[in-house]
Amino acid sequence: MKTKFLSLLMAFILLFCTVGQTIAFAQEETTATAKTVISDSKGESTTNEEDNEKAKEEAKKLLEEQQALLQKNLEETEKKLAELAVSSKGTAEYIDTLDQKIGYMNEQLTVLEDQNFSIQEEINTLLPVIEENEAKLSVLSEEVEKTKAELEKLQNKFDSVYSAYCTRMRVIYISGDFNILSALITCKDISSLLTRYEMIKTVSKSDAELLKDVQEKTKEIITKQNGLDEKVTEFEAAKAELDSQKSVLESKLKTIERNSEVIASNKATLATDRAESDRLLALLTAQNKQYTEFRNEDSEISAAVENEIQALISGLKRPEEVTTAVIGDRPDEIDEDDIETSESQIYANSDAVLNMIYPVPGHTSISAGYPNYSSGGYHGGIDFPCPTGSSVVAAQDGIVVTVKRLDYSYGYYVMVYHGTDARGRSVVTLYAHNSSILVSNGQNVRKGEQIAKSGSTGNSTGPHCHFEVRFNGTRANPKNYLS
């Protein structure tokens with residue numbers, strides 16, 4: 001009897017430990033399934049990106065300041081024009097003010113066109129990024145939907161397993177440890193006890209396997225849910241970035257559209273103002289005989305002519321490279337008969353070349369000086385009003401390097417190369433707006449020799465000689481070298 005009781009007691013203790021461990025483990029894992037950790041990381045802008053944004057903001061601010069200043073100047077000029085129009089329209093002051101307005105509008109056009117060009121470059125860079133992000137967003141959308149479907153299937157499997165597990169837990173809870181103990185104690189013999197013990201052990205093992213299945217399904221769901229959360233977060237971030245980029249693109253396109261409208265309007269106004277300025281200037285110079293150039297020639301035309309002149313000057317040979325040149329200081333009284341016509345009369349490293357005479361003998365009054373017109377616009381030489389057909393002479397000895405007959409810009413013009421000054425700079429003079437040219441390219445000319453007849457060809461309000469002095473292609477004030 002004592003042996004039977006001890007055997008039953010040992011079996012009971014063994015079974016109690018086994019069931020207790022199983023229940024404790026189940027409670028621990030059930031608690032773990034209720035805990036989920038979602039990580040969310042935010043990227044920070046790099047220093048370079050911040051610097052770029054700062055530079056863009058500064059450039060934008062500077063542009064806005066320039067536009068504001070130009071607009072202010074335009075408004076002030078418009079106000080002055082309105083006041084002058086009442087009593088002084090057609091005067092030099094009115095024309096100068098009108099030209100100032102034209103200048104401000106030209107600057108405004110330049111600013112707007114530069115801004116449009118810059119914005120278009122940004123758009124060209126942005127469009128491929130938007131297309132790439134749209135493709136990325138499409139892929140992410142598909143991945144999110146696929147992950148959601150997989151998660152739903154996994155959730156259904158989990159619900160089935162978890163339902164069975166919960167049913168078993170309820171049975172264990174209802175039965176309690178007392179029923180298990182009673183089942184063992186009421187055994188009549190050790191054989192029955194061991195049989196019942198094996199049955200209970202088998203049931204406990206089945207419960208543990210069921211719990212393990214629940215644990216595995218729970219982990220899969222957590223992993224899949226975390227993956228879905230990451231995909232959703234990535235999708236939302238990509239969508240937000242794409243929406244922002246599209247908003248920026250729309251803003252840039254609207255800015256270009258607004259600028260283009262202002263540009264079109266300004267160009268129409270400019271065409272009218274330029275025509276009015278030229279008309280009034282022609283009338284004024286005809287009244288006072290102070291002829292000069294129209295101040296509103298197309299900038300592209302002027303640039304093309306200047307580029308051609310610069311190319312020519314840069315290709316001139318230095319005096320020591322011209323084998324037939326008579327170089328050095330030479331007195332002005334040298335008899336022309338003593339000079340061979342095949343020899344080039346140019347100076348080499350001598351400031352004697354700077355001792356020039358007026359290009360139109362007897363006409364020294366100036367209608368427009370260097371370096372600006374009275375309106376403030378650039379003027380690269382000085383203008384000498386004179387009747388059509390007046391004699392235009394070489395300001396110094398030299399070689400004719402250009403003869404041009406244009407119906408715009410300088411009109412009929414001549415360029416003479418005189419050699420180099422003491423600083424080694426090439427010295428060239430230019431005579432423009434002639435009615436006829438009396439020399440040919442490559443011809444030697446002497447100081448005071450007639451090379452053309454004055455006129456009003458090209459961009460000119462009336463008969464005058466436009467005269468320039470250039471050192472290495474750069475214009476200088478001719479008055480400093482005329483005597």
# chains A, B, ... in the order shown; residues from 1 in each chain; ligands from 1
>>> residues_around(residues="Tyr481 in chain A", least_positions_apart="3", cutoff="10 Å", atoms="only C-alpha atoms", output="MDAnalysis selection string")
chainID A and resid 353:358 395 469 476:478
>>> residues_around(residues="range 421-435 of chain A", least_positions_apart="2", cutoff="6 Å", atoms="only C-alpha atoms", output="JSON, numbers by chain")
{"A": [349, 350, 351, 410, 411, 412, 413, 414, 415, 416, 417, 418, 419, 453, 454, 455, 456, 457, 465, 466, 467, 468, 469, 470, 471, 472]}
>>> write_last_selection(atoms="N, CA, C and O atoms", output="mmCIF file, in the first residue's frame")
data_model
loop_
_atom_site.group_PDB
_atom_site.id
_atom_site.type_symbol
_atom_site.label_atom_id
_atom_site.label_comp_id
_atom_site.auth_asym_id
_atom_site.auth_seq_id
_atom_site.Cartn_x
_atom_site.Cartn_y
_atom_site.Cartn_z
ATOM 1 N N ASN A 349 56.133 100.273 -82.172
ATOM 2 C CA ASN A 349 56.462 100.605 -80.784
ATOM 3 C C ASN A 349 56.852 102.075 -80.608
ATOM 4 O O ASN A 349 57.846 102.400 -79.971
ATOM 5 N N SER A 350 56.031 102.941 -81.164
ATOM 6 C CA SER A 350 56.321 104.372 -81.085
ATOM 7 C C SER A 350 55.041 105.134 -80.775
ATOM 8 O O SER A 350 54.013 104.937 -81.428
ATOM 9 N N ASP A 351 55.095 106.038 -79.782
ATOM 10 C CA ASP A 351 53.924 106.845 -79.452
ATOM 11 C C ASP A 351 53.697 107.970 -80.457
ATOM 12 O O ASP A 351 52.704 108.709 -80.347
ATOM 13 N N TYR A 410 27.521 100.473 -89.132
ATOM 14 C CA TYR A 410 28.453 101.526 -89.532
ATOM 15 C C TYR A 410 28.238 102.007 -90.972
ATOM 16 O O TYR A 410 28.896 102.958 -91.404
ATOM 17 N N GLY A 411 27.370 101.343 -91.712
ATOM 18 C CA GLY A 411 27.174 101.737 -93.103
ATOM 19 C C GLY A 411 28.440 101.512 -93.921
ATOM 20 O O GLY A 411 29.094 100.474 -93.793
ATOM 21 N N TYR A 412 28.817 102.489 -94.747
ATOM 22 C CA TYR A 412 30.071 102.412 -95.490
ATOM 23 C C TYR A 412 31.201 102.844 -94.541
ATOM 24 O O TYR A 412 31.256 103.998 -94.139
ATOM 25 N N TYR A 413 32.084 101.912 -94.209
ATOM 26 C CA TYR A 413 33.136 102.289 -93.263
ATOM 27 C C TYR A 413 34.498 101.747 -93.692
ATOM 28 O O TYR A 413 34.607 100.778 -94.444
ATOM 29 N N VAL A 414 35.556 102.442 -93.180
ATOM 30 C CA VAL A 414 36.950 102.104 -93.474
ATOM 31 C C VAL A 414 37.682 101.932 -92.146
ATOM 32 O O VAL A 414 37.438 102.675 -91.187
ATOM 33 N N MET A 415 38.600 100.953 -92.108
ATOM 34 C CA MET A 415 39.479 100.801 -90.951
ATOM 35 C C MET A 415 40.924 100.874 -91.422
ATOM 36 O O MET A 415 41.288 100.258 -92.435
ATOM 37 N N VAL A 416 41.754 101.643 -90.682
ATOM 38 C CA VAL A 416 43.163 101.821 -91.023
ATOM 39 C C VAL A 416 44.023 101.336 -89.848
ATOM 40 O O VAL A 416 43.790 101.709 -88.693
ATOM 41 N N TYR A 417 45.019 100.511 -90.165
ATOM 42 C CA TYR A 417 45.962 100.000 -89.169
ATOM 43 C C TYR A 417 47.212 100.870 -89.207
ATOM 44 O O TYR A 417 47.825 101.047 -90.259
ATOM 45 N N HIS A 418 47.600 101.398 -88.029
ATOM 46 C CA HIS A 418 48.713 102.351 -87.973
ATOM 47 C C HIS A 418 49.975 101.767 -87.348
ATOM 48 O O HIS A 418 50.985 102.469 -87.258
ATOM 49 N N GLY A 419 49.960 100.525 -86.891
ATOM 50 C CA GLY A 419 51.124 99.929 -86.255
ATOM 51 C C GLY A 419 50.917 99.804 -84.755
ATOM 52 O O GLY A 419 49.796 99.602 -84.281
ATOM 53 N N LYS A 453 34.255 109.988 -98.578
ATOM 54 C CA LYS A 453 33.398 111.167 -98.529
ATOM 55 C C LYS A 453 32.310 110.914 -97.495
ATOM 56 O O LYS A 453 31.718 109.831 -97.461
ATOM 57 N N SER A 454 32.073 111.900 -96.636
ATOM 58 C CA SER A 454 31.115 111.724 -95.540
ATOM 59 C C SER A 454 29.706 111.535 -96.062
ATOM 60 O O SER A 454 29.381 111.893 -97.197
ATOM 61 N N GLY A 455 28.864 110.932 -95.214
ATOM 62 C CA GLY A 455 27.481 110.696 -95.621
ATOM 63 C C GLY A 455 26.636 110.268 -94.443
ATOM 64 O O GLY A 455 26.937 110.587 -93.277
ATOM 65 N N SER A 456 25.582 109.511 -94.728
ATOM 66 C CA SER A 456 24.646 109.083 -93.688
ATOM 67 C C SER A 456 24.182 107.656 -93.940
ATOM 68 O O SER A 456 22.999 107.339 -93.809
ATOM 69 N N THR A 457 25.108 106.783 -94.309
ATOM 70 C CA THR A 457 24.750 105.382 -94.560
ATOM 71 C C THR A 457 24.662 104.603 -93.248
ATOM 72 O O THR A 457 25.262 104.973 -92.242
ATOM 73 N N CYS A 465 30.508 111.979 -89.545
ATOM 74 C CA CYS A 465 31.570 110.964 -89.533
ATOM 75 C C CYS A 465 31.700 110.416 -88.114
ATOM 76 O O CYS A 465 31.973 111.168 -87.180
ATOM 77 N N HIS A 466 31.489 109.120 -87.997
ATOM 78 C CA HIS A 466 31.706 108.457 -86.714
ATOM 79 C C HIS A 466 33.152 107.965 -86.701
ATOM 80 O O HIS A 466 33.562 107.172 -87.549
ATOM 81 N N PHE A 467 33.934 108.414 -85.697
ATOM 82 C CA PHE A 467 35.369 108.139 -85.660
ATOM 83 C C PHE A 467 35.726 107.380 -84.383
ATOM 84 O O PHE A 467 35.301 107.746 -83.280
ATOM 85 N N GLU A 468 36.525 106.302 -84.527
ATOM 86 C CA GLU A 468 36.950 105.494 -83.382
ATOM 87 C C GLU A 468 38.455 105.287 -83.406
ATOM 88 O O GLU A 468 39.061 105.201 -84.471
ATOM 89 N N VAL A 469 39.034 105.156 -82.188
ATOM 90 C CA VAL A 469 40.422 104.743 -82.016
ATOM 91 C C VAL A 469 40.400 103.485 -81.144
ATOM 92 O O VAL A 469 39.775 103.475 -80.081
ATOM 93 N N ARG A 470 41.112 102.439 -81.597
ATOM 94 C CA ARG A 470 41.109 101.171 -80.861
ATOM 95 C C ARG A 470 42.544 100.715 -80.588
ATOM 96 O O ARG A 470 43.380 100.744 -81.491
ATOM 97 N N PHE A 471 42.774 100.306 -79.329
ATOM 98 C CA PHE A 471 44.063 99.721 -78.936
ATOM 99 C C PHE A 471 43.844 98.234 -78.663
ATOM 100 O O PHE A 471 43.098 97.872 -77.751
ATOM 101 N N ASN A 472 44.497 97.397 -79.461
ATOM 102 C CA ASN A 472 44.289 95.942 -79.366
ATOM 103 C C ASN A 472 42.802 95.587 -79.433
ATOM 104 O O ASN A 472 42.324 94.668 -78.778
#
>>> closest_residue(among="A:Thr402, A:Ser367, A:Thr125, A:Thr269", to="Leu312 in chain A", atoms="only C-alpha atoms")
A:Thr402
>>> atom_distance(atom1="CA of Gln120 in chain A", atom2="CA of Arg258 in chain A")
13.5 Å
>>> select_by_dssp(residues="range 283-419 of chain A", states="strand (DSSP E or B)", output="PyMOL selection string")
chain A and resi 325+344+347+356+368+372+378+382-385+391-393+398-405+412-419
>>> closest_residue(among="A:Gly442, A:Val232, A:Ala282, A:Asp96", to="Asn372 in chain A", atoms="only C-alpha atoms")
A:Asp96
